[in-house]
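Undergrad: What follows is a single structure, and I will ask about it in a moment.
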Amino acid sequence: MSNQPNSTMVELIKVSKHYHPNIQALTDVSISIRSGEMVFITGRSGAGKTTFLKLLCKMELPTRGMVEIDGIDIRRLRGKGLAILRQNIGVAYQDFKLLTDRTVAENIAVSMEVSYRKPNQIRKRVKTLLEELDLTDKHNSMTGDLSRGEQQRVALARAVANSPSLILVDEPTGNLDSATTERVMTMIKNLHQAGATVLIATHDHTIYRNTDDRLLELRGGQMYQLRDGVMQ
Amino acid sequence: MSFIFAVLRQVYRNFRQTWLSQFMTLLTVSLSVFIFAFFYLVYNNMLTIGDKLGYDLRLIVYLEDEPIPELQEQLKRKILAFDEVEDIRFVSRAEAFERFRSQLGDDQDVLEDMPKDFLPPSIEVVPLKSLRSLNQVKLFSEYLSKLPGTIKVQYGQDWIERFYYFTRLVSIIVVLSAGLLILTSVFMVSYKIRLTIIGRREELELLRLVGATNNYIRTPFFIEGVLHGLLGSSIGLAALFGLFTWIKMKFSGPGILNIFEFSFFQPPAIIVLAIISILLCTMGSYTSMRKYLKK
């Protein structure tokens, strides 16, 4: 994937998403996000934030419209092409999607294993991430035994472990105290500064209040720009 | 990390997580291979025995009177009129007596008071190898029994008939056990993989979401099928070889089993059996993957 600052990483053109029987999650959303940009998407619960992120990694297909990642129409991607795209997109899901019968280290390693990283590289990366997220002592704990806040951080660590070009984070601070929120946001900002494009869906205004990144709002299935961002 | 290493690690994880059901599947496949191979081995050996019996087959035509050379020629022509034969040999009363005496060995003194012509003369007919199916031999026997001056024709009818019927019965059991092997290998492995896929649905979904390719997800299940076939056939055939060796040892010495030479499968047959098991188990794993691991 391209990390050129002026290239477009995410492009949605008139994208709508309809769920059976009569839920209109998104209506004619059109937006472009440049490579290396950090964007906050806010909105009330059920506004369509999670749907928006799911469309970007082809967890869902749009009912209408076009979704392009790094210039590629993802509707056309299948098999290996889709797998490679997903290896370059790190997603921290709202419901975490952790393997509760595996250790923290194994959960984080999953995303690197599918990219055939070397075992010693994986071990090093897992160790670093656990240190950054203050989870070193949980290395061999089963994720099912962790608190919600700890699980959230493991999910985030897994999302960023493969150093993806595009990071999608769904409600990253929902279960965290302020100190841990600070730690998590520092890590995300570091990844952003290293060149990653970051999209954060949140209704926690404290994490975007003091930033100058682009701020979008989803309201009634439509996208509104509240603040124009300044590219770093 | 290479693809092969990643896949093998996943196979190891699958075996570790579901070792009990893996073990049960392996046991079932081994047992099926054992049952099929057992009957096939019995059938194979019976065919060898049948060949040997066929090789030694001769029809003995007992005659009322010793034929003069002219009559011998006539009888010969009549016999050849039915079909070509390998050999026709006339045995006189005296020759028959001498043979019988030598067969008695140390007990030949029992014949001391017997007249030397009490045994009937006979013709020994060795049919061609092409004429050795049970029905053809029967027809030939009937033809010979109608020759003038014939008392009766013998070729061990009862014994041979029973042997051929038993061989046919074993061949049916072989077909049935082959069906059992196919059913158990394909369905057990398919069922096992289906259970694994259902049990690990969340993990497989996550693997797709983090960018695992179809090969990354499917190959471990494919290898599982291959391993079940390979290990199942190895264990089944090894167990059969153990049983075969034990029977040979246990029943060595004088007895019916020593009349014939029993043999185990030749290496090519073992390889073919293993390949068939592998293919069947792989087919089982493939059907489950196709159904439950859609791209």
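If you're wondering about the labels, chains in the structure tokens are A, B, ... by order shown, residues count from 1 in each chain, ligands from 1 in order shown.
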Taking only C-alpha atoms into account, produce a table as JSON lines in which each residue of chain A with an atom at most 10 Å from an atom of chain B appears once, together with its shortest atom pair and the distance in Å to one decimal, ordered by chain and rising number.
TA:
```
{"residue": "A:Cys57", "atom": "CA", "partner": "B:Leu209", "partner_atom": "CA", "distance": 8.0}
{"residue": "A:Lys58", "atom": "CA", "partner": "B:Leu209", "partner_atom": "CA", "distance": 8.8}
{"residue": "A:Met59", "atom": "CA", "partner": "B:Leu209", "partner_atom": "CA", "distance": 7.6}
{"residue": "A:Arg78", "atom": "CA", "partner": "B:Lys295", "partner_atom": "CA", "distance": 8.3}
{"residue": "A:Gly79", "atom": "CA", "partner": "B:Thr213", "partner_atom": "CA", "distance": 6.5}
{"residue": "A:Lys80", "atom": "CA", "partner": "B:Thr213", "partner_atom": "CA", "distance": 5.6}
{"residue": "A:Gly81", "atom": "CA", "partner": "B:Thr213", "partner_atom": "CA", "distance": 8.8}
{"residue": "A:Leu82", "atom": "CA", "partner": "B:Gly211", "partner_atom": "CA", "distance": 7.3}
{"residue": "A:Ala83", "atom": "CA", "partner": "B:Gly211", "partner_atom": "CA", "distance": 4.1}
{"residue": "A:Ile84", "atom": "CA", "partner": "B:Gly211", "partner_atom": "CA", "distance": 6.0}
{"residue": "A:Leu85", "atom": "CA", "partner": "B:Gly211", "partner_atom": "CA", "distance": 7.1}
{"residue": "A:Arg86", "atom": "CA", "partner": "B:Gly211", "partner_atom": "CA", "distance": 4.5}
{"residue": "A:Gln87", "atom": "CA", "partner": "B:Gly211", "partner_atom": "CA", "distance": 4.6}
{"residue": "A:Asn88", "atom": "CA", "partner": "B:Gly211", "partner_atom": "CA", "distance": 8.1}
{"residue": "A:Ile89", "atom": "CA", "partner": "B:Val210", "partner_atom": "CA", "distance": 7.8}
{"residue": "A:Gly90", "atom": "CA", "partner": "B:Val210", "partner_atom": "CA", "distance": 7.4}
{"residue": "A:Val91", "atom": "CA", "partner": "B:Val210", "partner_atom": "CA", "distance": 8.0}
{"residue": "A:Lys97", "atom": "CA", "partner": "B:Leu206", "partner_atom": "CA", "distance": 7.0}
{"residue": "A:Leu98", "atom": "CA", "partner": "B:Leu206", "partner_atom": "CA", "distance": 8.3}
{"residue": "A:Leu99", "atom": "CA", "partner": "B:Glu203", "partner_atom": "CA", "distance": 6.5}
{"residue": "A:Thr100", "atom": "CA", "partner": "B:Glu203", "partner_atom": "CA", "distance": 9.8}
{"residue": "A:Val110", "atom": "CA", "partner": "B:Leu207", "partner_atom": "CA", "distance": 7.5}
{"residue": "A:Ser111", "atom": "CA", "partner": "B:Val210", "partner_atom": "CA", "distance": 5.4}
{"residue": "A:Met112", "atom": "CA", "partner": "B:Val210", "partner_atom": "CA", "distance": 8.7}
{"residue": "A:Glu113", "atom": "CA", "partner": "B:Ala6", "partner_atom": "CA", "distance": 7.1}
{"residue": "A:Val114", "atom": "CA", "partner": "B:Ala212", "partner_atom": "CA", "distance": 5.1}
{"residue": "A:Ser115", "atom": "CA", "partner": "B:Ala212", "partner_atom": "CA", "distance": 7.5}
{"residue": "A:Tyr116", "atom": "CA", "partner": "B:Met1", "partner_atom": "CA", "distance": 4.5}
{"residue": "A:Arg117", "atom": "CA", "partner": "B:Met1", "partner_atom": "CA", "distance": 4.9}
{"residue": "A:Lys118", "atom": "CA", "partner": "B:Met1", "partner_atom": "CA", "distance": 4.2}
{"residue": "A:Pro119", "atom": "CA", "partner": "B:Met1", "partner_atom": "CA", "distance": 6.4}
{"residue": "A:Asn120", "atom": "CA", "partner": "B:Met1", "partner_atom": "CA", "distance": 9.3}
{"residue": "A:Gln121", "atom": "CA", "partner": "B:Met1", "partner_atom": "CA", "distance": 9.3}
{"residue": "A:Ile122", "atom": "CA", "partner": "B:Met1", "partner_atom": "CA", "distance": 9.5}
{"residue": "A:Arg158", "atom": "CA", "partner": "B:Val210", "partner_atom": "CA", "distance": 9.1}
{"residue": "A:Ala159", "atom": "CA", "partner": "B:Val210", "partner_atom": "CA", "distance": 8.3}
{"residue": "A:Asn162", "atom": "CA", "partner": "B:Val210", "partner_atom": "CA", "distance": 9.5}
```
Undergrad: When DSSP works through the backbone of this structure, what residues of segment 135-219 of chain B end up as strand (DSSP E), shown as number ranges by chain?
TA: B: 150-154
Undergrad: Between atom CA of Phe221 of chain B and atom CA of Ser285 of chain B, measure the distance and give it in Å to one decimal.
TA: 6.5 Å
Undergrad: Near segment 182-197 of chain B, within 10 Å and counting only C-alpha atoms, which residues show up once chain neighbours fewer than 5 positions away are dropped, as a PyMOL selection string?
TA: chain B and resi 14+17-18+21-22+24-26+28-33+36+176-177+202-204+221-222+224-226+228-229+232+276-289+291-293
Undergrad: Would you put the residues from that selection into a file with C-alpha atoms, as a CSV table (one decimal), in the first residue's frame?
TA:
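The resulting file, part-v8.csv, is shown below:
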```csv
chain,number,residue,atom,x,y,z
B,14,ASN,CA,-5.5,-28.7,15.7
B,17,GLN,CA,-6.8,-29.0,20.8
B,18,THR,CA,-8.9,-31.9,19.6
B,21,SER,CA,-11.6,-36.8,18.5
B,22,GLN,CA,-8.5,-37.0,16.4
B,24,MET,CA,-11.0,-41.7,17.7
B,25,THR,CA,-11.0,-40.8,14.0
B,26,LEU,CA,-7.6,-42.3,13.6
B,28,THR,CA,-11.8,-45.8,13.2
B,29,VAL,CA,-9.7,-45.3,10.0
B,30,SER,CA,-7.1,-47.8,11.3
B,31,LEU,CA,-9.8,-50.4,12.1
B,32,SER,CA,-11.5,-50.0,8.7
B,33,VAL,CA,-8.2,-50.4,6.9
B,36,PHE,CA,-10.6,-54.5,4.7
B,176,LEU,CA,-18.5,-55.1,1.7
B,177,SER,CA,-15.4,-54.2,3.8
B,202,GLU,CA,-14.6,-17.6,15.5
B,203,GLU,CA,-10.9,-18.2,15.1
B,204,LEU,CA,-11.3,-18.9,11.3
B,221,PHE,CA,-7.3,-29.3,7.3
B,222,PHE,CA,-6.1,-30.9,4.1
B,224,GLU,CA,-5.1,-33.5,8.7
B,225,GLY,CA,-6.9,-35.6,6.1
B,226,VAL,CA,-3.6,-36.8,4.6
B,228,HIS,CA,-5.3,-39.6,9.0
B,229,GLY,CA,-5.1,-41.7,5.8
B,232,GLY,CA,-4.6,-45.0,9.7
B,276,ILE,CA,-6.2,-45.3,-1.3
B,277,SER,CA,-6.6,-44.6,2.4
B,278,ILE,CA,-4.9,-41.2,2.0
B,279,LEU,CA,-7.1,-40.3,-1.0
B,280,LEU,CA,-10.3,-41.3,0.8
B,281,CYS,CA,-9.4,-39.4,4.0
B,282,THR,CA,-8.3,-36.4,1.9
B,283,MET,CA,-11.6,-36.6,0.1
B,284,GLY,CA,-13.4,-36.5,3.5
B,285,SER,CA,-11.5,-33.4,4.6
B,286,TYR,CA,-12.1,-31.8,1.2
B,287,THR,CA,-15.8,-32.3,1.2
B,288,SER,CA,-16.1,-30.6,4.7
B,289,MET,CA,-13.8,-27.8,3.7
B,291,LYS,CA,-19.1,-27.1,2.5
B,292,TYR,CA,-18.0,-25.2,5.6
B,293,LEU,CA,-15.0,-23.1,4.6
```
Undergrad: At a cut-off of 7 Å, using only C-alpha atoms, what residues contact segment 75-89 of chain B? Leave out same-chain residues fewer than 5 positions from it and give the result as a count of residues only.
TA: 6
Undergrad: Taking 4 positions as the minimum chain separation for residues in the same chain, which residues sit within 6 Å of Thr103 of chain A when counting only C-alpha atoms? Answer as a PyMOL selection string.
TA: chain A and resi 140-143
Undergrad: So that I can check the surroundings of segment 180-196 of chain A, please list as an mmCIF file with N, CA, C and O atoms, in the first residue's frame every protein, DNA and RNA residue that reaches within 7 Å of it, counting only C-alpha atoms and ignoring chain neighbours fewer than 3 positions away.
TA:
```cif
data_model
loop_
_atom_site.group_PDB
_atom_site.id
_atom_site.type_symbol
_atom_site.label_atom_id
_atom_site.label_comp_id
_atom_site.auth_asym_id
_atom_site.auth_seq_id
_atom_site.Cartn_x
_atom_site.Cartn_y
_atom_site.Cartn_z
ATOM 1 N N ASN A 3 2.224 4.858 0.908
ATOM 2 C CA ASN A 3 2.277 5.749 2.084
ATOM 3 C C ASN A 3 2.598 7.176 1.680
ATOM 4 O O ASN A 3 2.974 7.985 2.503
ATOM 5 N N GLY A 36 -1.628 8.902 5.418
ATOM 6 C CA GLY A 36 -0.955 9.554 6.530
ATOM 7 C C GLY A 36 -1.848 10.463 7.341
ATOM 8 O O GLY A 36 -1.384 11.136 8.272
ATOM 9 N N MET A 38 -4.948 11.457 9.978
ATOM 10 C CA MET A 38 -5.622 10.877 11.144
ATOM 11 C C MET A 38 -6.996 11.518 11.202
ATOM 12 O O MET A 38 -7.125 12.744 11.205
ATOM 13 N N LEU A 133 1.724 -0.908 26.076
ATOM 14 C CA LEU A 133 0.338 -0.875 26.563
ATOM 15 C C LEU A 133 0.219 -1.336 28.021
ATOM 16 O O LEU A 133 -0.888 -1.597 28.509
ATOM 17 N N PRO A 164 0.473 -1.943 10.030
ATOM 18 C CA PRO A 164 -0.331 -1.741 8.816
ATOM 19 C C PRO A 164 -0.302 -0.286 8.332
ATOM 20 O O PRO A 164 -0.020 0.628 9.120
ATOM 21 N N SER A 165 -0.619 -0.089 7.058
ATOM 22 C CA SER A 165 -0.644 1.279 6.508
ATOM 23 C C SER A 165 -1.928 1.986 6.901
ATOM 24 O O SER A 165 -1.976 3.218 6.943
ATOM 25 N N LEU A 166 -2.975 1.211 7.113
ATOM 26 C CA LEU A 166 -4.260 1.800 7.481
ATOM 27 C C LEU A 166 -4.730 1.155 8.788
ATOM 28 O O LEU A 166 -4.800 -0.080 8.889
ATOM 29 N N ILE A 167 -5.029 2.012 9.767
ATOM 30 C CA ILE A 167 -5.467 1.492 11.067
ATOM 31 C C ILE A 167 -6.885 1.985 11.333
ATOM 32 O O ILE A 167 -7.150 3.191 11.281
ATOM 33 N N THR A 173 -11.299 3.739 23.508
ATOM 34 C CA THR A 173 -11.120 4.104 24.926
ATOM 35 C C THR A 173 -12.375 3.826 25.760
ATOM 36 O O THR A 173 -12.464 4.253 26.901
ATOM 37 N N LEU A 176 -11.536 2.243 29.180
ATOM 38 C CA LEU A 176 -10.238 2.570 29.774
ATOM 39 C C LEU A 176 -10.330 3.761 30.722
ATOM 40 O O LEU A 176 -11.137 4.672 30.524
ATOM 41 N N ASP A 177 -9.455 3.746 31.728
ATOM 42 C CA ASP A 177 -9.370 4.919 32.615
ATOM 43 C C ASP A 177 -8.544 5.984 31.903
ATOM 44 O O ASP A 177 -7.957 5.722 30.836
#
```
Undergrad: Mind the document's chain letters and residue numbers, and return as number ranges by chain the residues of segment 41-206 of chain A that DSSP labels alpha helix (DSSP H).
TA: A: 49-56, 79-87, 104-113, 119-132, 148-161, 178-193
Undergrad: Need to verify the contact set: Ser141 of chain B, 10 Å, only C-alpha atoms, exclusion of same-chain residues closer than 3 positions in sequence. Can you return it as a list in words?
TA: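 Listed by chain and then number, they are Leu59, Ile60, Val61, Asn135, Gln136, Val137, Lys138, Leu144, Ser145, Lys146, Lys152, Val153, Gln154, Tyr155 and Gln157 of chain B.
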Undergrad: Hey, can you check how far atom CA of Pro148 of chain B sits from atom CA of Arg58 of chain B?
TA: 19.7 Å
